[in-house]
Amino acid sequence: MADLIPRNLHVNPPSMIEILPHEHVLQAWEWWISCIHPRAALLDGNCCIYDQKRWDMDNPTELRWNDHSQITYISRLFLVSLLGDISETICMSLNEPSSPVRIPPPRLEEHYRNLIAGNPNPDNERDRFERFRYSLSESLAFWVQLSYLSQSVRGVDRTTYSISRPNFLPDDKGPDGLAVILQENNANIELRSVKSSINSPKALITSNSFKNNGIPTDGKLLDEFYKVAYESYGLGKLEDLLDKVCRVRNISTNYETRIGLLGTSKAYNAMVVADDRFASYPLFSGFDKVCCDATRCIATYIGANNWARFSDEVHHVVENILNDAGVI
Amino acid sequence: MYSRQLQDQLSNVGQIGHVDPASIKLLDRSMSAYLKVLAGYLNADMNPNSDPLLITLDALFISRALSMMELSPMVESGHYLVGMAFEQSGELLSRKYLTTEQGSTEPLKNDLWYRLLLSFLHYLAGGHRVQALSILNRLDGFKKIVLNTPYAGSYEQATDSLRRLFNGRTVAYPVNYWEQLFFRNPEGISTQEGKINRLASQVRTRRQEALSDLGLENASEWLIRQGVRENEAPAFWEAYLQNLEHRGITNFTSEQRGPNGFQDWLQIDRDLLVILPTGSGKSIIGELRTALTLAKGRQVVWLLPSRALVRQAHRELTKAFEILNVSVEELPTTEDFEPFFIEDLPAGRYVAATTPEKLAALIRANPDSMRNVGLVILDEAQKLFDLKRGTTIEYVLQEIQHLLPDAKFALMSAQIDSMIRLQNFFHRLRGDRDFRELISDRRPTRRMYGVITNAIEDHFWKPELQIYPPGLQNEDGVTESPFRISLQKHIRSANPNSMDIVQPLVLKLTETPLRTAVFVRTPINTETQSERIASKIDTVRELPHSDLARLRIELGRESVIQTYGGKGIAPHHAGLTPLEQHTVEKWERRREINTVVATSTLAEGVNLPIDISIITYTTRYDNGQWVDVPLNEIQNMVGRAGRAGHVSDGLCLIALPSNRRNPIMVDSARRYFFRQERIQNFLGLSRLLIKAIQTHASEEEWLYEYDGLDFSECQTLVNFVTNIGLDPNHFDNRLREKLRQYPSIQDLQEYFGDGLDVFAALNHDLIPIAERITNICENDPNLYLALSRTGIPLELLQYYLTRLDERERLIGQDDAGIMIWADNVVQNGLLLCQNRAWYRNIFDRVSQNDLMAVIHLWRNGIPIQSIENQLVLAENPRQSRINVGRLLNHQLSMFAQFWGALSICEKIKYPDRDDYMLNNIQVYVREGVSTLKQLAWLNRLGGIDRVLAHRLERYTPEGEGLWEISRQIDQTFRRWRRDHASLPMDLELDDLAALNSIFEE
């Protein structure tokens, strides 16, 4: 609910428990924004912008489970996106001061506790790791999108943006998240949907029936984008996401009406988090069936040298931070 | 598309965000989303391509903002546009995806249902009731689709609660989730629920303003201001307003209120001219005037041009007034020379709905019956300019004005192009009496216009739709980039004609949930095209058994509408029996079929819920040459697309084939859609008199030949020049006096100006006719009387009057014996005239002997097939069947007049008797019955089930006279309908099924 409270009304009672001091938050963000590569450009003949993410400008690399400092920063960013105030996070990305991550006492809310430190299911220990991995993929997708917003509006007059929190506990159909760049006469909306896989993600991205005949099936990234566009799929979710991004930035009703009348523009960001070795542009073939304007189709591949191991490492650090804070 | 109304909405809403209306993309995107769904149904490519997600995002932004604003005219416009955006991007789609399977998803997670809900709430929050009703009807339909599914109860509760919201009801104690959501302000609700609740709250706020402008809180004072001072009036008016509220009519459009509010036009002593597009709520305006007149204790007559419209008006007026103890009835008078049911109108508050012809018959037979009428409402007033009907309508209005000088008139029309003519007519008819106008061209439905043509692709012709983008259009505009929808179907012909390019489109459309009307040139085309398209459809659907039984009884064979109806397509033309026409319309309304291939007659009937209308011709063969179809007729046909309260968006297409040298672009059709053609023809009596002069009706032999005019025109002309007395010295003055009363003649004088004395010019030709009649009838006053009352040719009347010397021999004979004698007299009388021009004209297609044989079968309740076997009216069997149908539908009533004239002659020759034997013979011939019991059954069944009426005769309770028999039959019918166990055990299965079809209507 934190993101629903207008920023100027937000108070931090003295009894709040600090999870991350604001310096840690800022360090993590500064690391992220300084080393993540900007979004790739559209290549001739491609049906979408293929953006295989890389970090470190001098020595480009995928996410690495064996890079301790990277694991530490990403663990913090995960906690910021999980527990931080979304409007403060956006402000930080716009070069305003950072804020600490605090939660009300005595402990973490139950569903978050279950996500991070829930009792392992003796029958299926993998469940717990999978759930975390899924949440981490949502968080990474969020930060990738936020860094794109931050990089693309820097220096552009009278432009700001908003973004929805990661979809940690998905229940509704529809896109996982949404970001919007707000200009005087336009709102540029980018939908994001995220899939995570420790194997080849191919089966999660699109179905053969969609790729070959344009007939969408359930549970696939591109197929569901198509349904969102053409079959009113996930309208309630879309409305909820728009509502959230508007509230976060206190957008006036007059301005909302204005951008609605002048016409929004939109893009689809199909985000996949998996082992970097599986990354390839052809995974996303069929994107043109969602939208024929390739500049509006973004295929983001967030690769790790070992995604399962990377997630476990982050999980471990997150757990330690929360243990140290005494909230789980 | 898109009327000025939409542009006004844009200007209004643009003020909220300081947006220049010209830069608003909403209309373009919304229409594009609609067309994209259509292209999807057609498996066609669309260019420019559409991304419906854009309009969704735009609408969601505005929707969220509007839900948090205070109501204002700007916000109301915003609500309209958002409602439209959600509807256009969701309604067509919902026809495919809102299926039974969706019943296992709860309503708010059902995306298409939710989209429609948002559309409904926005429309209603903005006060756009007609559009909201379309959506509500759609949601209501879905509620029925998901019966017996896990969330059936939720959908039912939700839809019922929406209906209550629409009807302006309050819910004091919400009993379910939906009532809480719509009628309370619950806490702890989601984003989605929060918005629904805020929009519902805006709807409820509107209701507060509801009926106060109509004097809900201060009826007495309000009525006095409107000119009604009677003691009982306030109680009646309050009860009427309460019923209005109960029916959910709690707010009105600005067009209905008028520029100066209700108090200005809703005055008891003012006439009213209403010109509003179909579906704009003309009826409620007429209803309010009716209520005010009833409050004053006066009676009201509604005049409508067809039986179907009379029935519809009767139903609506019954809903409005029956609960207030007002008698509402379809005037039972028949339109014969000697009409049935000519008693005085019942005492007390009374509303009658009828056709001009029937009222004319009542006025002729019993003019005093209407003495308490205070208001006459003429709906579809543009029929005044109709070639066939105009004279009668003008006569009726003129006579009522003469009989009831203090009665008020309300003329209502949907055709803005008739405005100036109607205004002129009104002024001429009513002089300087006080009157008001409610005139607007704002349509409640949206129309998209375009062409269907053929475009070259890969060396082949393919059908292509080109549609004008949104924005005000005119005849001279230029379309730079129309929406193009290209079908993936080759056209085989190298030089395709209209039907070649339309056929693949209609074939596809018939297999979708869209409803289409295709207008073709001739009746036979409706059938051949239906056949061609049906032959390419494999899926066969089951048609309602009860309707098929009903058709079987009447026709005695399979109907052509059944043959193709199973494939989702049916023909509709004036050569089908009225039952077949009625059934096609019913099937289209109930989605039993999707496509109607029709002649222009479909455009003159009751409105159907059509999504797409396609015109396949713009010229027709008339009197030996090809002529352009009048623009009014084309616009009336394309205007069938969209129906207020049912289909908000209509796509209107004209088929214009391209060839290699002359590719058709959408601008080729501008003149058909965007030219306003004023009605220029002379109307009513003036048209007839001009035609009479042009055809030299004043010449010596004309009275015997009736040449140059239609038979009915000859009758009207003769009727006009009689009734001016027998003294030739007064002919000029009396004719002038009579002519002066007719607005159309004043119109004519103005047209010619001071250069011509129209009265003198007309009398120059009319007086010789009058003199000749006087001379011929000098020694035979009975002949003069018969001529003036019937207009039937003199020789025939002379023969009738002579044969009636045999009357005494008929006394004591039964109906059958009398009919045989009457048939013989008519038969021989006509034979005497076989060399006359009028005889040759009316028997040009059917011989007299064949006609007599057909009438015999027709009256005896023989199914249509046997009549068709008796009569061959063309070499092609299909054309012959169509011609027989036309004869029975349209010409029989004219032939029946020969029997009616015999009946009149009996009364003239034997005045003041109480045993007239020939009273019924005209109506029997016209309606196809041979006893009063059959006639009463036929009326009770709705007038189109002739054979069934014969079959049910044996179940008639005893009674004397038509009134009593009708009353008894009505009771029997109601009992059967209420309690099926009371139906006779020996009814045949088909009869039972046919009755069920009628009951459920």
# chains A, B, ... in the order shown; residues from 1 in each chain; ligands from 1
>>> select_by_dssp(residues="range 738-985 of chain B", states="alpha helix (DSSP H)", output="VMD selection string")
chain B and resid 738 to 740 743 to 752 758 to 776 781 to 790 794 to 803 815 to 832 837 to 842 848 to 859 864 to 870 877 to 886 892 to 909 921 to 927 932 to 941 946 to 952 961 to 978
>>> interface_residues(of="chain A", to="chain B", cutoff="8 Å", atoms="only C-alpha atoms", output="list in words")
Val228, Ala229, Tyr230, Glu231, Ser232, Tyr233, Gly234, Leu235, Gly236, Glu239, Asp240, Leu242, Asp243, Ser252, Thr253, Asn254, Tyr255, Glu256, Thr257, Arg258, Ile259, Gly260, Leu261, Leu262, Gly263, Thr264, Ser265, Lys266 and Cys291 of chain A
>>> select_by_dssp(residues="range 391-457 of chain B", states="strand (DSSP E)", output="ChimeraX atom specification")
/B:408-413,435-439,446-457
>>> closest_residue(among="A:Pro60, A:Val180, A:His22, A:Tyr148", to="Pro38 in chain A", atoms="only C-alpha atoms")
A:Tyr148
>>> residues_around(residues="Ala692 in chain B", least_positions_apart="4", cutoff="8 Å", atoms="only C-alpha atoms", output="PyMOL selection string")
chain B and resi 688+696-697+708-709
>>> residues_around(residues="Lys586 in chain B", least_positions_apart="4", cutoff="12 Å", atoms="only C-alpha atoms", output="compact mmCIF listing (two decimals) with all heavy atoms, in the first residue's frame")
# COMPACT_ATOMS: atom_id res chain seq x y z
N LEU B 543 -33.88 -23.49 -37.37
CA LEU B 543 -34.78 -22.34 -37.23
C LEU B 543 -35.92 -22.72 -36.27
O LEU B 543 -36.22 -23.90 -36.10
CB LEU B 543 -35.34 -21.96 -38.61
CG LEU B 543 -34.28 -21.48 -39.60
CD1 LEU B 543 -34.84 -21.44 -41.02
CD2 LEU B 543 -33.74 -20.10 -39.21
N PRO B 544 -36.55 -21.73 -35.66
CA PRO B 544 -37.59 -22.04 -34.66
C PRO B 544 -38.73 -22.86 -35.29
O PRO B 544 -39.36 -22.43 -36.25
CB PRO B 544 -38.08 -20.66 -34.22
CG PRO B 544 -36.98 -19.72 -34.57
CD PRO B 544 -36.32 -20.27 -35.79
N ASP B 547 -42.19 -21.15 -35.69
CA ASP B 547 -42.30 -20.22 -36.82
C ASP B 547 -42.46 -20.99 -38.14
O ASP B 547 -43.22 -20.59 -39.03
CB ASP B 547 -41.06 -19.33 -36.92
CG ASP B 547 -40.94 -18.38 -35.75
OD1 ASP B 547 -41.96 -18.14 -35.07
OD2 ASP B 547 -39.83 -17.88 -35.50
N ILE B 561 -37.93 -18.32 -47.37
CA ILE B 561 -37.12 -17.79 -46.26
C ILE B 561 -36.59 -18.93 -45.39
O ILE B 561 -35.57 -18.80 -44.74
CB ILE B 561 -37.89 -16.75 -45.40
CG1 ILE B 561 -39.03 -17.39 -44.63
CG2 ILE B 561 -38.39 -15.60 -46.25
CD1 ILE B 561 -39.58 -16.49 -43.53
N GLY B 565 -32.86 -19.53 -44.95
CA GLY B 565 -32.72 -19.07 -43.55
C GLY B 565 -31.83 -19.99 -42.74
O GLY B 565 -31.11 -19.56 -41.85
N ALA B 570 -31.69 -14.56 -45.61
CA ALA B 570 -33.07 -14.67 -46.11
C ALA B 570 -33.41 -13.46 -46.98
O ALA B 570 -32.91 -12.37 -46.75
CB ALA B 570 -34.04 -14.75 -44.94
N HIS B 572 -36.06 -10.59 -48.54
CA HIS B 572 -37.18 -9.79 -48.00
C HIS B 572 -37.63 -8.86 -49.11
O HIS B 572 -36.86 -8.03 -49.59
CB HIS B 572 -36.70 -8.99 -46.80
CG HIS B 572 -37.79 -8.28 -46.07
ND1 HIS B 572 -38.45 -7.19 -46.60
CD2 HIS B 572 -38.35 -8.49 -44.85
CE1 HIS B 572 -39.35 -6.77 -45.74
NE2 HIS B 572 -39.32 -7.53 -44.66
N LEU B 579 -46.72 -12.60 -43.64
CA LEU B 579 -46.19 -13.47 -42.60
C LEU B 579 -44.71 -13.76 -42.83
O LEU B 579 -43.91 -13.75 -41.89
CB LEU B 579 -46.97 -14.79 -42.56
CG LEU B 579 -46.46 -15.82 -41.55
CD1 LEU B 579 -46.56 -15.30 -40.12
CD2 LEU B 579 -47.22 -17.14 -41.68
N GLU B 580 -44.33 -13.97 -44.08
CA GLU B 580 -42.92 -14.23 -44.37
C GLU B 580 -42.07 -12.98 -44.07
O GLU B 580 -41.00 -13.08 -43.47
CB GLU B 580 -42.73 -14.64 -45.83
CG GLU B 580 -43.27 -16.03 -46.13
CD GLU B 580 -43.23 -16.35 -47.62
OE1 GLU B 580 -43.95 -15.68 -48.39
OE2 GLU B 580 -42.50 -17.27 -48.03
N GLN B 581 -42.57 -11.83 -44.47
CA GLN B 581 -41.82 -10.59 -44.20
C GLN B 581 -41.64 -10.40 -42.69
O GLN B 581 -40.55 -10.08 -42.20
CB GLN B 581 -42.55 -9.38 -44.78
CG GLN B 581 -42.60 -9.38 -46.31
CD GLN B 581 -43.37 -8.20 -46.86
OE1 GLN B 581 -43.24 -7.08 -46.39
NE2 GLN B 581 -44.20 -8.45 -47.87
N HIS B 582 -42.74 -10.63 -41.98
CA HIS B 582 -42.70 -10.49 -40.53
C HIS B 582 -41.70 -11.46 -39.90
O HIS B 582 -40.93 -11.10 -39.00
CB HIS B 582 -44.12 -10.75 -39.99
CG HIS B 582 -44.21 -10.96 -38.52
ND1 HIS B 582 -44.27 -9.91 -37.64
CD2 HIS B 582 -44.22 -12.09 -37.77
CE1 HIS B 582 -44.34 -10.39 -36.40
NE2 HIS B 582 -44.30 -11.71 -36.46
N ARG B 590 -33.85 -11.59 -33.67
CA ARG B 590 -33.48 -12.60 -32.67
C ARG B 590 -32.22 -13.37 -33.06
O ARG B 590 -31.95 -14.42 -32.49
CB ARG B 590 -34.65 -13.56 -32.48
CG ARG B 590 -35.87 -12.84 -31.96
CD ARG B 590 -36.98 -13.78 -31.64
NE ARG B 590 -38.13 -13.00 -31.16
CZ ARG B 590 -39.22 -13.52 -30.67
NH1 ARG B 590 -39.34 -14.82 -30.57
NH2 ARG B 590 -40.20 -12.75 -30.25
N ARG B 591 -31.51 -12.88 -34.03
CA ARG B 591 -30.24 -13.47 -34.47
C ARG B 591 -30.38 -14.89 -34.97
O ARG B 591 -29.43 -15.68 -34.92
CB ARG B 591 -29.21 -13.44 -33.32
CG ARG B 591 -28.87 -12.03 -32.88
CD ARG B 591 -27.87 -12.06 -31.72
NE ARG B 591 -27.60 -10.70 -31.24
CZ ARG B 591 -26.71 -9.90 -31.76
NH1 ARG B 591 -25.98 -10.30 -32.77
NH2 ARG B 591 -26.52 -8.69 -31.27
N GLU B 592 -31.56 -15.27 -35.42
CA GLU B 592 -31.70 -16.58 -36.05
C GLU B 592 -31.00 -16.54 -37.41
O GLU B 592 -30.49 -17.55 -37.87
CB GLU B 592 -33.18 -16.94 -36.26
CG GLU B 592 -34.04 -16.91 -35.01
CD GLU B 592 -33.73 -18.03 -34.05
OE1 GLU B 592 -32.97 -18.93 -34.42
OE2 GLU B 592 -34.24 -17.99 -32.90
N ILE B 593 -31.05 -15.39 -38.06
CA ILE B 593 -30.31 -15.19 -39.31
C ILE B 593 -29.46 -13.93 -39.15
O ILE B 593 -29.73 -13.10 -38.27
CB ILE B 593 -31.25 -15.03 -40.53
CG1 ILE B 593 -32.20 -13.84 -40.32
CG2 ILE B 593 -32.03 -16.29 -40.80
CD1 ILE B 593 -33.00 -13.47 -41.54
N ASN B 594 -28.45 -13.81 -39.99
CA ASN B 594 -27.57 -12.64 -39.88
C ASN B 594 -27.74 -11.68 -41.05
O ASN B 594 -27.39 -10.51 -40.93
CB ASN B 594 -26.10 -13.08 -39.85
CG ASN B 594 -25.78 -13.83 -38.58
OD1 ASN B 594 -26.53 -13.75 -37.63
ND2 ASN B 594 -24.69 -14.55 -38.59
N VAL B 596 -30.03 -10.17 -44.38
CA VAL B 596 -31.27 -10.03 -45.14
C VAL B 596 -30.90 -9.41 -46.49
O VAL B 596 -30.22 -8.39 -46.54
CB VAL B 596 -32.27 -9.10 -44.42
CG1 VAL B 596 -33.54 -8.97 -45.24
CG2 VAL B 596 -32.60 -9.64 -43.05
N VAL B 606 -40.35 -1.34 -39.99
CA VAL B 606 -39.88 -1.17 -38.63
C VAL B 606 -38.36 -1.30 -38.62
O VAL B 606 -37.81 -2.10 -39.38
CB VAL B 606 -40.53 -2.24 -37.73
CG1 VAL B 606 -40.01 -2.14 -36.31
CG2 VAL B 606 -42.03 -2.08 -37.74
N ASN B 607 -37.69 -0.53 -37.80
CA ASN B 607 -36.23 -0.60 -37.75
C ASN B 607 -35.73 -1.93 -37.24
O ASN B 607 -36.24 -2.45 -36.27
CB ASN B 607 -35.70 0.49 -36.81
CG ASN B 607 -35.42 1.75 -37.56
OD1 ASN B 607 -35.24 1.71 -38.77
ND2 ASN B 607 -35.40 2.86 -36.86
N LEU B 608 -34.70 -2.45 -37.88
CA LEU B 608 -34.10 -3.70 -37.43
C LEU B 608 -32.69 -3.41 -36.91
O LEU B 608 -32.07 -2.42 -37.31
CB LEU B 608 -34.00 -4.68 -38.60
CG LEU B 608 -35.33 -5.22 -39.13
CD1 LEU B 608 -35.09 -6.09 -40.35
CD2 LEU B 608 -36.05 -6.01 -38.07
N PRO B 609 -32.18 -4.27 -36.04
CA PRO B 609 -30.82 -4.04 -35.51
C PRO B 609 -29.76 -4.47 -36.52
O PRO B 609 -29.23 -5.57 -36.45
CB PRO B 609 -30.77 -4.91 -34.26
CG PRO B 609 -31.78 -5.97 -34.50
CD PRO B 609 -32.82 -5.44 -35.42
N SER B 997 -45.90 -19.74 -31.51
CA SER B 997 -45.11 -18.68 -32.13
C SER B 997 -45.78 -17.33 -31.91
O SER B 997 -45.11 -16.34 -31.61
CB SER B 997 -44.97 -18.98 -33.63
OG SER B 997 -44.54 -17.85 -34.32
N ILE B 998 -47.10 -17.31 -32.03
CA ILE B 998 -47.82 -16.03 -31.84
C ILE B 998 -47.84 -15.65 -30.36
O ILE B 998 -47.63 -14.49 -30.01
CB ILE B 998 -49.26 -16.15 -32.41
CG1 ILE B 998 -49.18 -16.42 -33.91
CG2 ILE B 998 -50.06 -14.90 -32.12
CD1 ILE B 998 -50.49 -16.86 -34.53
N GLU B 1000 -45.66 -16.27 -28.04
CA GLU B 1000 -44.38 -15.75 -27.53
C GLU B 1000 -43.98 -14.43 -28.17
O GLU B 1000 -43.04 -13.79 -27.76
CB GLU B 1000 -43.26 -16.80 -27.63
CG GLU B 1000 -43.05 -17.41 -28.99
CD GLU B 1000 -41.89 -16.80 -29.74
OE1 GLU B 1000 -41.06 -16.18 -29.08
OE2 GLU B 1000 -41.86 -16.94 -30.98
N GLU B 1001 -44.73 -13.99 -29.16
CA GLU B 1001 -44.51 -12.65 -29.70
C GLU B 1001 -45.19 -11.63 -28.82
O GLU B 1001 -45.07 -10.45 -29.03
CB GLU B 1001 -45.02 -12.54 -31.13
CG GLU B 1001 -44.04 -13.10 -32.14
CD GLU B 1001 -44.61 -13.13 -33.55
OE1 GLU B 1001 -45.58 -12.42 -33.82
OE2 GLU B 1001 -44.07 -13.88 -34.37
>>> atom_distance(atom1="CA of Ile724 in chain B", atom2="CA of Ala761 in chain B")
17.8 Å
